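What follows is upload-v5.cif (mmCIF, C-alpha atoms).
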data_work
loop_
_atom_site.label_atom_id
_atom_site.label_comp_id
_atom_site.auth_asym_id
_atom_site.auth_seq_id
_atom_site.Cartn_x
_atom_site.Cartn_y
_atom_site.Cartn_z
CA LEU A 763 0.00 0.00 0.00
CA ALA A 764 2.82 2.41 0.87
CA TYR A 765 4.40 1.75 -2.54
CA TRP A 766 1.28 2.55 -4.57
CA ARG A 767 0.29 5.44 -2.31
CA GLY A 768 3.76 6.95 -2.75
CA LEU A 769 3.50 6.66 -6.55
CA PHE A 770 0.01 8.16 -6.53
CA ASN A 771 1.04 11.09 -4.32
CA ALA A 772 4.10 11.78 -6.47
CA SER A 773 2.04 11.60 -9.65
CA LEU A 774 -0.60 13.89 -8.16
CA LEU A 775 2.11 16.39 -7.21
CA PHE A 776 3.05 16.78 -10.90
CA THR A 777 -0.41 16.28 -12.42
CA ILE A 778 -2.22 19.05 -10.52
CA PRO A 779 0.09 21.81 -11.91
CA VAL A 780 -0.18 20.28 -15.41
CA PHE A 781 -3.97 20.30 -15.15
CA PHE A 782 -3.94 23.88 -13.88
CA VAL A 783 -1.71 25.11 -16.72
CA ALA A 784 -3.69 23.21 -19.36
CA MET A 785 -7.27 23.72 -18.21
CA VAL A 786 -7.48 26.60 -15.72
CA LEU A 787 -4.77 29.11 -16.59
CA PRO A 788 -5.93 29.77 -20.20
CA ARG A 789 -9.37 30.80 -18.84
CA ILE A 790 -7.93 33.42 -16.49
CA PRO A 791 -8.09 36.94 -18.00
CA GLY A 792 -4.66 38.30 -18.85
CA SER A 793 -2.94 34.90 -18.72
CA GLN A 794 -2.04 35.11 -22.41
CA ALA A 795 1.01 37.17 -21.52
CA ILE A 796 2.31 34.20 -19.51
CA THR A 797 1.17 31.29 -21.67
CA GLY A 798 2.22 33.02 -24.89
CA ALA A 799 5.74 33.87 -23.76
CA LEU A 800 8.49 31.99 -25.60
CA ILE A 801 11.32 30.06 -23.97
CA PHE A 802 13.99 29.11 -26.52
CA GLY A 803 11.31 29.45 -29.19
CA PHE A 804 8.82 27.17 -27.39
CA PRO A 805 5.54 28.37 -25.79
CA CYS A 806 6.04 28.82 -22.06
CA ASN A 807 2.95 26.88 -20.94
CA GLN A 808 3.84 23.88 -23.09
CA ILE A 809 7.41 23.79 -21.84
CA VAL A 810 6.04 23.70 -18.28
CA LYS A 811 3.62 20.89 -19.14
CA TRP A 812 6.35 18.98 -20.98
CA VAL A 813 8.76 19.23 -18.04
CA LEU A 814 6.15 18.24 -15.44
CA THR A 815 4.65 15.38 -17.46
CA THR A 816 7.96 13.69 -18.34
CA PRO A 817 8.67 12.29 -14.82
CA VAL A 818 5.06 11.09 -14.55
CA GLN A 819 5.27 9.35 -17.92
CA PHE A 820 8.69 7.72 -17.67
CA VAL A 821 9.56 7.54 -13.95
CA ILE A 822 6.32 7.18 -12.00
CA GLY A 823 4.57 5.36 -14.84
CA TRP A 824 7.53 3.12 -15.69
CA ARG A 825 5.87 0.18 -13.93
CA PHE A 826 3.08 0.17 -16.55
CA HIS A 827 5.51 0.34 -19.50
CA ALA A 828 7.60 -2.51 -18.08
CA GLY A 829 4.45 -4.59 -17.49
CA ALA A 830 3.25 -3.86 -21.02
CA TRP A 831 6.58 -4.95 -22.51
CA LYS A 832 6.50 -8.22 -20.56
CA ALA A 833 2.92 -8.90 -21.69
CA ILE A 834 3.79 -8.21 -25.34
CA ARG A 835 6.84 -10.50 -25.12
CA ARG A 836 4.52 -13.26 -23.88
CA GLY A 837 2.28 -12.64 -26.86
CA GLY A 838 -0.60 -11.23 -24.84
CA ALA A 839 -2.12 -7.92 -23.83
CA ASN A 840 -3.35 -6.73 -20.46
CA MET A 841 -4.34 -3.51 -18.72
CA ASP A 842 -0.71 -2.35 -18.62
CA VAL A 843 -0.56 -2.47 -22.43
CA LEU A 844 -3.61 -0.24 -22.72
CA VAL A 845 -2.29 2.25 -20.18
CA SER A 846 1.14 2.33 -21.81
CA LEU A 847 -0.31 2.74 -25.31
CA GLY A 848 -2.68 5.53 -24.30
CA THR A 849 -0.16 7.56 -22.32
CA ASN A 850 2.72 7.08 -24.77
CA ALA A 851 0.47 8.03 -27.67
CA SER A 852 -0.55 11.25 -25.93
CA TYR A 853 3.00 12.11 -24.92
CA ILE A 854 4.66 11.32 -28.26
CA TYR A 855 2.05 13.21 -30.26
CA SER A 856 2.48 16.24 -28.01
CA VAL A 857 6.26 16.20 -28.46
CA ILE A 858 5.95 15.83 -32.26
CA SER A 859 3.44 18.67 -32.42
CA ILE A 860 5.60 21.05 -30.37
CA LEU A 861 8.80 20.20 -32.26
CA HIS A 862 7.03 20.62 -35.60
CA HIS A 863 5.79 24.01 -34.47
CA HIS A 864 9.32 24.96 -33.41
CA VAL A 865 11.09 23.69 -36.55
CA THR A 866 8.64 25.32 -38.96
CA ARG A 867 8.67 28.49 -36.77
CA HIS A 868 4.95 28.80 -37.30
CA HIS A 869 4.61 31.21 -34.38
CA GLU A 870 6.44 33.84 -36.43
CA ARG A 871 3.73 33.66 -39.10
CA ALA A 872 0.75 33.29 -36.74
CA ALA A 873 1.40 34.87 -33.36
CA ALA A 874 -1.88 33.64 -31.84
CA TYR A 875 -1.19 30.02 -32.77
CA THR A 876 -0.18 27.44 -30.18
CA PRO A 877 0.46 23.80 -31.11
CA THR A 878 -1.92 21.09 -29.98
CA ASP A 879 -0.72 18.89 -27.12
CA PHE A 880 -2.11 16.25 -24.77
CA PHE A 881 0.44 16.29 -21.95
CA GLU A 882 -2.30 16.63 -19.34
CA THR A 883 -4.03 13.54 -20.78
CA SER A 884 -0.92 11.42 -20.29
CA ALA A 885 -0.36 12.61 -16.72
CA MET A 886 -4.01 12.28 -15.69
CA LEU A 887 -4.37 8.78 -17.15
CA ILE A 888 -1.45 7.50 -15.10
CA THR A 889 -2.68 9.31 -11.98
CA PHE A 890 -6.17 7.80 -12.24
CA ILE A 891 -4.81 4.28 -12.75
CA LEU A 892 -2.52 4.73 -9.75
CA LEU A 893 -5.56 5.83 -7.74
CA GLY A 894 -7.22 2.54 -8.65
CA LYS A 895 -4.14 0.55 -7.60
CA THR A 896 -4.03 2.43 -4.29
CA LEU A 897 -7.70 1.65 -3.59
CA GLU A 898 -7.14 -2.02 -4.38
CA CYS A 899 -4.12 -2.30 -2.07
CA ALA A 900 -6.00 -0.45 0.67
CA ALA A 901 -8.76 -3.06 0.46
CA LYS A 902 -6.24 -5.90 0.68
CA GLY A 903 -4.55 -4.15 3.60
CA ARG A 904 -7.82 -4.02 5.51
CA THR A 905 -8.29 -7.73 4.82
CA SER A 906 -4.84 -8.49 6.23
CA GLU A 907 -5.67 -6.45 9.32
CA ALA A 908 -8.90 -8.41 9.74
CA LEU A 909 -6.93 -11.66 9.46
CA THR A 910 -4.59 -10.54 12.22
CA LYS A 911 -7.55 -9.75 14.48
CA LEU A 912 -9.10 -13.10 13.61
CA LEU A 913 -5.97 -14.99 14.64
CA ARG A 914 -5.97 -13.14 17.98
CA LEU A 915 -9.35 -14.69 18.82
CA ALA A 916 -7.70 -17.93 19.87
CA PRO A 917 -6.21 -17.79 23.39
CA GLU A 918 -2.47 -18.29 23.80
CA THR A 919 -2.88 -20.85 26.59
CA ALA A 920 -5.37 -23.56 27.54
CA THR A 921 -6.13 -25.57 30.69
CA VAL A 922 -5.73 -29.32 30.14
CA VAL A 923 -7.53 -31.41 32.78
CA GLU A 924 -8.12 -34.99 33.83
CA VAL A 925 -11.52 -35.99 35.21
CA ASP A 926 -12.90 -38.95 37.10
CA GLU A 927 -15.98 -40.96 36.18
CA ALA A 928 -18.21 -38.40 37.90
CA GLY A 929 -16.78 -35.59 35.78
CA CYS A 930 -14.88 -33.97 38.62
CA VAL A 931 -11.50 -32.48 37.80
CA VAL A 932 -8.69 -34.56 39.23
CA CYS A 933 -5.77 -32.43 38.06
CA SER A 934 -5.18 -29.54 35.67
CA GLN A 935 -2.25 -27.96 33.87
CA GLU A 936 -1.98 -24.76 31.82
CA VAL A 937 -0.20 -25.32 28.47
CA PRO A 938 0.33 -23.25 25.30
CA SER A 939 -2.53 -23.67 22.84
CA ALA A 940 -0.07 -24.92 20.22
CA LEU A 941 0.60 -28.02 22.36
CA ILE A 942 -3.04 -29.15 22.48
CA HIS A 943 -3.58 -32.64 21.04
CA GLN A 944 -6.69 -34.16 19.59
CA GLY A 945 -8.66 -35.86 22.37
CA ASP A 946 -7.35 -33.66 25.21
CA LEU A 947 -9.86 -32.53 27.82
CA LEU A 948 -9.89 -28.76 28.24
CA LYS A 949 -11.54 -26.62 30.90
CA VAL A 950 -12.92 -23.22 29.92
CA LEU A 951 -13.95 -20.84 32.72
CA PRO A 952 -16.86 -18.36 32.42
CA GLY A 953 -15.83 -15.46 30.21
CA GLY A 954 -12.90 -17.45 28.80
CA LYS A 955 -12.17 -18.20 25.16
CA VAL A 956 -12.50 -21.70 23.75
CA PRO A 957 -8.93 -22.67 22.79
CA THR A 958 -9.78 -25.04 19.93
CA ASP A 959 -12.64 -26.79 18.17
CA GLY A 960 -14.20 -29.55 20.22
CA VAL A 961 -17.28 -31.18 21.78
CA ILE A 962 -18.58 -30.41 25.27
CA GLU A 963 -18.11 -33.38 27.63
CA HIS A 964 -19.32 -31.88 30.93
CA GLY A 965 -21.32 -28.77 31.75
CA ALA A 966 -23.35 -26.34 29.69
CA ALA A 967 -23.09 -22.66 28.86
CA TYR A 968 -24.12 -19.96 26.46
CA LEU A 969 -21.40 -19.22 23.91
CA ASN A 970 -20.88 -15.94 22.09
CA GLU A 971 -20.12 -16.98 18.50
CA SER A 972 -20.62 -13.57 16.91
CA MET A 973 -16.96 -13.25 15.89
CA ILE A 974 -17.30 -16.41 13.77
CA THR A 975 -20.94 -16.64 12.68
CA GLY A 976 -22.05 -13.01 13.04
CA GLU A 977 -24.92 -14.07 15.33
CA SER A 978 -25.07 -11.52 18.16
CA LYS A 979 -27.27 -13.66 20.44
CA PRO A 980 -25.35 -16.19 22.62
CA VAL A 981 -26.03 -19.81 21.66
CA TYR A 982 -26.79 -22.49 24.26
CA LYS A 983 -24.36 -25.42 24.22
CA GLY A 984 -24.80 -28.55 26.34
CA ALA A 985 -23.07 -31.91 26.59
CA GLY A 986 -22.34 -33.31 23.14
CA SER A 987 -22.63 -29.91 21.42
CA PRO A 988 -19.78 -28.83 19.11
CA VAL A 989 -17.93 -25.62 19.94
CA ILE A 990 -15.65 -23.44 17.81
CA GLY A 991 -12.24 -22.22 18.89
CA GLY A 992 -12.13 -18.49 19.65
CA THR A 993 -15.72 -18.24 20.89
CA ILE A 994 -16.43 -16.92 24.41
CA THR A 995 -18.27 -18.82 27.15
CA THR A 996 -20.78 -17.15 29.45
CA GLY A 997 -22.64 -18.42 32.49
CA SER A 998 -20.63 -21.37 33.76
CA ALA A 999 -17.49 -23.42 33.21
CA ILE A 1000 -17.41 -26.25 30.67
CA ILE A 1001 -15.10 -29.16 29.92
CA LEU A 1002 -14.67 -30.04 26.26
CA ARG A 1003 -12.76 -32.65 24.28
CA ALA A 1004 -10.56 -31.29 21.49
CA THR A 1005 -11.58 -32.65 18.08
CA ARG A 1006 -9.63 -30.38 15.69
CA VAL A 1007 -6.34 -28.70 16.47
CA GLY A 1008 -3.73 -26.59 14.69
CA SER A 1009 -4.40 -26.04 10.99
CA GLU A 1010 -7.61 -28.09 11.13
CA THR A 1011 -9.55 -25.63 13.30
CA THR A 1012 -12.30 -23.44 11.90
CA LEU A 1013 -10.26 -20.27 12.53
CA ALA A 1014 -7.23 -21.67 10.70
CA GLN A 1015 -9.37 -22.73 7.74
CA ILE A 1016 -10.96 -19.27 7.49
CA VAL A 1017 -7.55 -17.61 7.53
CA ARG A 1018 -6.23 -20.04 4.91
CA LEU A 1019 -9.19 -19.40 2.60
CA VAL A 1020 -8.82 -15.62 2.86
CA GLU A 1021 -5.06 -15.79 2.24
CA ARG A 1022 -5.65 -17.96 -0.83
CA ALA A 1023 -8.24 -15.48 -2.11
CA GLN A 1024 -5.77 -12.61 -1.65
CA LEU A 1025 -3.02 -14.37 -3.59
CA SER A 1026 -5.30 -15.36 -6.46
CA LYS A 1027 -6.69 -12.93 -9.02
CA ALA A 1028 -10.26 -11.79 -8.47
CA PRO A 1029 -12.76 -12.88 -11.18
CA VAL A 1030 -13.36 -9.27 -12.19
CA GLN A 1031 -9.60 -8.77 -12.64
CA ALA A 1032 -9.29 -11.90 -14.77
CA PHE A 1033 -12.27 -10.71 -16.84
CA ALA A 1034 -10.63 -7.29 -17.37
CA ASP A 1035 -7.44 -8.98 -18.62
CA ARG A 1036 -9.42 -11.21 -20.99
CA VAL A 1037 -11.20 -8.15 -22.36
CA ALA A 1038 -7.87 -6.35 -22.76
CA ALA A 1039 -6.37 -9.28 -24.69
CA ILE A 1040 -9.05 -8.85 -27.36
CA PHE A 1041 -9.54 -5.11 -26.99
CA VAL A 1042 -5.93 -4.01 -27.55
CA PRO A 1043 -5.47 -5.48 -31.06
CA CYS A 1044 -8.87 -4.13 -32.09
CA VAL A 1045 -7.97 -0.64 -30.84
CA LEU A 1046 -4.63 -0.67 -32.66
CA VAL A 1047 -6.26 -1.74 -35.92
CA LEU A 1048 -8.99 0.91 -35.57
CA ALA A 1049 -6.42 3.61 -34.76
CA LEU A 1050 -4.29 2.66 -37.78
CA VAL A 1051 -7.31 2.59 -40.10
CA THR A 1052 -8.49 5.96 -38.73
CA TRP A 1053 -5.07 7.57 -39.23
CA LEU A 1054 -4.68 6.10 -42.72
CA ALA A 1055 -8.17 7.18 -43.83
CA TRP A 1056 -7.69 10.78 -42.71
CA PHE A 1057 -4.12 10.93 -44.05
CA VAL A 1058 -5.18 9.67 -47.50
CA ALA A 1059 -8.18 12.02 -47.48
CA GLY A 1060 -5.98 15.00 -46.58
CA THR A 1061 -3.26 14.16 -49.11
CA ALA A 1062 -5.80 13.61 -51.90
CA GLY A 1063 -7.68 16.81 -51.00
CA TRP A 1064 -10.94 15.05 -50.24
CA PHE A 1065 -11.81 17.59 -47.54
CA PRO A 1066 -11.48 21.40 -47.56
CA ALA A 1067 -8.09 22.82 -46.63
CA SER A 1068 -9.88 24.99 -44.06
CA TRP A 1069 -10.40 21.87 -41.97
CA LEU A 1070 -6.67 21.74 -41.22
CA PRO A 1071 -5.89 23.62 -37.99
CA ALA A 1072 -3.22 26.29 -38.19
CA GLY A 1073 0.26 24.81 -38.29
CA HIS A 1074 -0.96 21.27 -39.07
CA THR A 1075 -0.02 19.08 -42.01
CA PRO A 1076 -2.29 16.27 -43.28
CA PHE A 1077 0.01 13.83 -41.43
CA LEU A 1078 -0.33 15.62 -38.08
CA PHE A 1079 -4.04 16.17 -38.61
CA ALA A 1080 -4.59 12.46 -39.34
CA LEU A 1081 -2.34 11.50 -36.42
CA LEU A 1082 -4.60 13.56 -34.16
CA PHE A 1083 -7.55 11.26 -34.94
CA GLY A 1084 -5.50 8.08 -34.64
CA ILE A 1085 -4.15 9.16 -31.26
CA ALA A 1086 -7.66 10.09 -30.12
CA VAL A 1087 -8.83 6.51 -30.77
CA VAL A 1088 -5.99 5.08 -28.68
CA VAL A 1089 -6.39 7.58 -25.82
CA ILE A 1090 -10.15 7.25 -25.60
CA ALA A 1091 -9.82 3.47 -25.68
CA CYS A 1092 -7.48 3.53 -22.67
CA PRO A 1093 -9.91 1.95 -20.21
CA CYS A 1094 -9.80 4.26 -17.22
CA ALA A 1095 -13.27 2.95 -16.38
CA LEU A 1096 -11.91 -0.60 -16.09
CA GLY A 1097 -8.77 0.66 -14.38
CA LEU A 1098 -10.88 2.25 -11.64
CA ALA A 1099 -13.92 -0.04 -11.64
CA THR A 1100 -11.90 -3.24 -11.19
CA PRO A 1101 -10.02 -2.19 -8.01
CA THR A 1102 -13.15 -0.47 -6.69
CA ALA A 1103 -15.05 -3.75 -7.10
CA VAL A 1104 -12.26 -5.56 -5.25
CA MET A 1105 -12.36 -2.94 -2.48
CA VAL A 1106 -16.15 -3.09 -2.07
CA GLY A 1107 -16.28 -6.89 -2.37
#
Show the structure stored in the file as structure tokens.
Amino acid sequence: LAYWRGLFNASLLFTIPVFFVAMVLPRIPGSQAITGALIFGFPCNQIVKWVLTTPVQFVIGWRFHAGAWKAIRRGGANMDVLVSLGTNASYIYSVISILHHHVTRHHERAAAYTPTDFFETSAMLITFILLGKTLECAAKGRTSEALTKLLRLAPETATVVEVDEAGCVVCSQEVPSALIHQGDLLKVLPGGKVPTDGVIEHGAAYLNESMITGESKPVYKGAGSPVIGGTITTGSAIILRATRVGSETTLAQIVRLVERAQLSKAPVQAFADRVAAIFVPCVLVLALVTWLAWFVAGTAGWFPASWLPAGHTPFLFALLFGIAVVVIACPCALGLATPTAVMVG
């Protein structure tokens, strides 16, 4: 959790200024003097966004690019591939657009022109996915904490006794719970915790089983009734015979099941990866077809020249549509919905 929270906080630290420069600053009256200023021939606001987005894209977001490369080498595609494709597409297009603007020195011919960029898209995509990862780890952390509390239900020691034919205690000895053997007779005093699963031999009492079953009302247990380790006796003392000890107890089985569930992939996560395996190739084909169609249309003059934004060539204009397909396809909904489902479930 600390790892993902650290990445998210670092990403947020860079993304908020990028978002402000891209979305808020241009709407503030008089900001044109700042955003339009040139630094080494580059627009000031885009240099700031470029500098702030780069560490998010290649340092904080490196985990997604590495995961995408591993998935591609295995011949598959997962969520990391989609995130890497969407953010890299946004970043690379932005760099190409700015460099093209600088090389052609278009700002000298059209002072009001600023090149198109999507730096904020790249930074925000990574930040949102990191938010999802943080939520997922927080949910797993709470589960681990619950497991620790569950293990504390069992007492550390137990009272092993010997009884005569009348059921009277002849002798008793306090031993660690780990040394209890199947068949041992154990005495549990009123208000004490049952050390292990067993069957009541002598006595009767009401047992609070809410920590195991969720039932708030104490349950009456008499001779021959099964009891669960970790439950609390009320009313009177009982003597029980241990039937399941160690890893065979109900508590141990619950902990084992939860640990196994944590280590395995949730069904919704497996479904998201299966969708990604089909979705990624489809998105790439659609993006390529979109770019090619608009590039051919622009080169052949099939649409009015006025459609081209200032400073754009048919290649850049077509690339804008191809990149849009990839960016929009980056499944932020799945990236947030999947860990949220894990957290809620």
Legend entry - Which residue of A:Thr958, A:Ile891, A:Ser906, A:Glu977 approaches Glu918 of chain A most closely, using all atoms listed in the file: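 The answer is A:Thr958, which sits nearest to Glu918 of chain A.
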| query | Hey, which of A:Val961, A:Ala1059, A:Cys933, A:Ile1000 ends up closest to Pro988 of chain A? Count all atoms listed in the file. | reply |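 Closest to Pro988 of chain A, using all atoms listed in the file: A:Val961.
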Exercise on segment 809-820 of chain A, axis-aligned box with 8 Å per side, report centre and edge lengths in Å to one decimal, as JSON:
{"center_x": 6.2, "center_y": 15.8, "center_z": -18.2, "size_x": 21.1, "size_y": 32.1, "size_z": 23.3}
With distances taken over only C-alpha atoms, which residue among A:Gly894, A:Gly992, A:Gly848, A:Gly984 lies nearest Ala916 of chain A?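 Closest to Ala916 of chain A of all the choices is A:Gly992.
Atom CA of Thr921 of chain A is positioned 5.6 Å from atom CA of Gln935 of chain A.
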Q. Residues picked by the PyMOL selection byres ((chain A and resi 913) around 12) here, as number ranges by chain?
A. A: 906-912, 914-918, 957-958, 973-974, 991-992, 1008-1009, 1011-1018
- Go through A:Thr1061, A:Gln944, A:Asn840, A:Thr878 one by one, measure the shortest atom-to-atom distance of each to Asp1035 of chain A using only C-alpha atoms, and give the residue with the smallest value.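 For Asp1035 of chain A, the nearest of the given residues is A:Asn840.
The list of residues with at least one atom within 9 Å of segment 964-971 of chain A, based on all atoms listed in the file and without residues fewer than 5 positions apart in the same chain, reads Gly929, Pro952, Gly976, Glu977, Ser978, Lys979, Pro980, Val981, Tyr982, Lys983, Gly984, Ala985, Gly986, Val989, Ile990, Gly992, Thr993, Ile994, Thr995, Thr996, Gly997, Ser998, Ala999, Ile1000, Ile1001 and Leu1002 of chain A.
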Here atom CA of Gly1084 of chain A and atom CA of Asp879 of chain A stand apart by 14.0 Å
From the list A:Thr777, A:Ser846, A:Ser793, A:Thr883, the nearest residue to Val813 of chain A using only C-alpha atoms is A:Thr777
Please write the residues picked by the PyMOL selection byres ((chain A and resi 850) around 10) on this file as number ranges by chain.
A: 819-820, 827, 844-849, 851-856, 881, 884, 1085, 1088-1089
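Counting only C-alpha atoms, the residue from A:Gly798, A:Gly954, A:Pro791, A:Pro1043 that sits nearest to Thr919 of chain A is A:Gly954.
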Atom CA of Leu814 of chain A to atom CA of Phe770 of chain A measures 14.8 Å
**Message:** Residues near Thr889 of chain A, anyone? I mean within 10 Å using all atoms listed in the file, not counting same-chain ones fewer than 6 positions away, as a list in words.
**Reply:** Leu769, Phe770, Asn771, Ala772, Ser773, Leu774, Leu775, Phe776, Thr777, Ile778, Val818, Gln819, Ile822, Gly823, Thr883 and Lys895 of chain A
Show me, as a PDB file with C-alpha atoms, in the frame of the given file, the residues that have an atom within 10 Å of segment 803-811 of chain A when counting all atoms listed in the file, minus same-chain residues fewer than 5 positions from it.
ATOM      1  CA  PHE A 776       3.050  16.780 -10.900  1.00  0.00           C
ATOM      2  CA  THR A 777      -0.410  16.280 -12.420  1.00  0.00           C
ATOM      3  CA  PRO A 779       0.090  21.810 -11.910  1.00  0.00           C
ATOM      4  CA  VAL A 780      -0.180  20.280 -15.410  1.00  0.00           C
ATOM      5  CA  PHE A 781      -3.970  20.300 -15.150  1.00  0.00           C
ATOM      6  CA  PHE A 782      -3.940  23.880 -13.880  1.00  0.00           C
ATOM      7  CA  VAL A 783      -1.710  25.110 -16.720  1.00  0.00           C
ATOM      8  CA  ALA A 784      -3.690  23.210 -19.360  1.00  0.00           C
ATOM      9  CA  LEU A 787      -4.770  29.110 -16.590  1.00  0.00           C
ATOM     10  CA  PRO A 788      -5.930  29.770 -20.200  1.00  0.00           C
ATOM     11  CA  GLN A 794      -2.040  35.110 -22.410  1.00  0.00           C
ATOM     12  CA  ALA A 795       1.010  37.170 -21.520  1.00  0.00           C
ATOM     13  CA  ILE A 796       2.310  34.200 -19.510  1.00  0.00           C
ATOM     14  CA  THR A 797       1.170  31.290 -21.670  1.00  0.00           C
ATOM     15  CA  GLY A 798       2.220  33.020 -24.890  1.00  0.00           C
ATOM     16  CA  THR A 816       7.960  13.690 -18.340  1.00  0.00           C
ATOM     17  CA  SER A 856       2.480  16.240 -28.010  1.00  0.00           C
ATOM     18  CA  VAL A 857       6.260  16.200 -28.460  1.00  0.00           C
ATOM     19  CA  ILE A 860       5.600  21.050 -30.370  1.00  0.00           C
ATOM     20  CA  LEU A 861       8.800  20.200 -32.260  1.00  0.00           C
ATOM     21  CA  HIS A 863       5.790  24.010 -34.470  1.00  0.00           C
ATOM     22  CA  HIS A 864       9.320  24.960 -33.410  1.00  0.00           C
ATOM     23  CA  VAL A 865      11.090  23.690 -36.550  1.00  0.00           C
ATOM     24  CA  ARG A 867       8.670  28.490 -36.770  1.00  0.00           C
ATOM     25  CA  HIS A 869       4.610  31.210 -34.380  1.00  0.00           C
ATOM     26  CA  GLU A 870       6.440  33.840 -36.430  1.00  0.00           C
ATOM     27  CA  TYR A 875      -1.190  30.020 -32.770  1.00  0.00           C
ATOM     28  CA  THR A 876      -0.180  27.440 -30.180  1.00  0.00           C
ATOM     29  CA  PRO A 877       0.460  23.800 -31.110  1.00  0.00           C
ATOM     30  CA  THR A 878      -1.920  21.090 -29.980  1.00  0.00           C
ATOM     31  CA  ASP A 879      -0.720  18.890 -27.120  1.00  0.00           C
ATOM     32  CA  PHE A 880      -2.110  16.250 -24.770  1.00  0.00           C
ATOM     33  CA  PHE A 881       0.440  16.290 -21.950  1.00  0.00           C
ATOM     34  CA  GLU A 882      -2.300  16.630 -19.340  1.00  0.00           C
ATOM     35  CA  ALA A 885      -0.360  12.610 -16.720  1.00  0.00           C
TER      36      ALA A 885
END
Requested file, segment 889-903 of chain A restricted to N, CA and C atoms, as a PDB file, in the first residue's frame:
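Below you can see part01.pdb, which holds the result:
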ATOM      1  N   THR A 889      -2.253   8.985 -13.347  1.00  0.00           N
ATOM      2  CA  THR A 889      -2.681   9.306 -11.980  1.00  0.00           C
ATOM      3  C   THR A 889      -3.959   8.563 -11.611  1.00  0.00           C
ATOM      4  N   PHE A 890      -4.913   8.507 -12.529  1.00  0.00           N
ATOM      5  CA  PHE A 890      -6.169   7.803 -12.241  1.00  0.00           C
ATOM      6  C   PHE A 890      -5.944   6.302 -12.068  1.00  0.00           C
ATOM      7  N   ILE A 891      -5.090   5.708 -12.892  1.00  0.00           N
ATOM      8  CA  ILE A 891      -4.814   4.278 -12.751  1.00  0.00           C
ATOM      9  C   ILE A 891      -4.108   4.000 -11.424  1.00  0.00           C
ATOM     10  N   LEU A 892      -3.197   4.889 -11.038  1.00  0.00           N
ATOM     11  CA  LEU A 892      -2.520   4.735  -9.748  1.00  0.00           C
ATOM     12  C   LEU A 892      -3.499   4.865  -8.586  1.00  0.00           C
ATOM     13  N   LEU A 893      -4.511   5.723  -8.748  1.00  0.00           N
ATOM     14  CA  LEU A 893      -5.560   5.830  -7.735  1.00  0.00           C
ATOM     15  C   LEU A 893      -6.270   4.495  -7.571  1.00  0.00           C
ATOM     16  N   GLY A 894      -6.583   3.849  -8.708  1.00  0.00           N
ATOM     17  CA  GLY A 894      -7.225   2.535  -8.649  1.00  0.00           C
ATOM     18  C   GLY A 894      -6.363   1.503  -7.951  1.00  0.00           C
ATOM     19  N   LYS A 895      -5.056   1.493  -8.250  1.00  0.00           N
ATOM     20  CA  LYS A 895      -4.145   0.547  -7.604  1.00  0.00           C
ATOM     21  C   LYS A 895      -4.071   0.808  -6.099  1.00  0.00           C
ATOM     22  N   THR A 896      -4.080   2.081  -5.718  1.00  0.00           N
ATOM     23  CA  THR A 896      -4.031   2.426  -4.294  1.00  0.00           C
ATOM     24  C   THR A 896      -5.282   1.939  -3.571  1.00  0.00           C
ATOM     25  N   LEU A 897      -6.440   2.120  -4.189  1.00  0.00           N
ATOM     26  CA  LEU A 897      -7.697   1.651  -3.592  1.00  0.00           C
ATOM     27  C   LEU A 897      -7.685   0.135  -3.423  1.00  0.00           C
ATOM     28  N   GLU A 898      -7.177  -0.555  -4.441  1.00  0.00           N
ATOM     29  CA  GLU A 898      -7.137  -2.018  -4.381  1.00  0.00           C
ATOM     30  C   GLU A 898      -6.231  -2.502  -3.251  1.00  0.00           C
ATOM     31  N   CYS A 899      -5.053  -1.896  -3.141  1.00  0.00           N
ATOM     32  CA  CYS A 899      -4.124  -2.296  -2.073  1.00  0.00           C
ATOM     33  C   CYS A 899      -4.669  -1.940  -0.699  1.00  0.00           C
ATOM     34  N   ALA A 900      -5.398  -0.825  -0.612  1.00  0.00           N
ATOM     35  CA  ALA A 900      -5.996  -0.451   0.669  1.00  0.00           C
ATOM     36  C   ALA A 900      -7.016  -1.498   1.105  1.00  0.00           C
ATOM     37  N   ALA A 901      -7.781  -2.023   0.135  1.00  0.00           N
ATOM     38  CA  ALA A 901      -8.763  -3.060   0.457  1.00  0.00           C
ATOM     39  C   ALA A 901      -8.073  -4.327   0.942  1.00  0.00           C
ATOM     40  N   LYS A 902      -6.974  -4.705   0.266  1.00  0.00           N
ATOM     41  CA  LYS A 902      -6.242  -5.902   0.680  1.00  0.00           C
ATOM     42  C   LYS A 902      -5.582  -5.688   2.043  1.00  0.00           C
ATOM     43  N   GLY A 903      -5.153  -4.451   2.307  1.00  0.00           N
ATOM     44  CA  GLY A 903      -4.552  -4.154   3.599  1.00  0.00           C
ATOM     45  C   GLY A 903      -5.556  -4.307   4.733  1.00  0.00           C
TER      46      GLY A 903
END
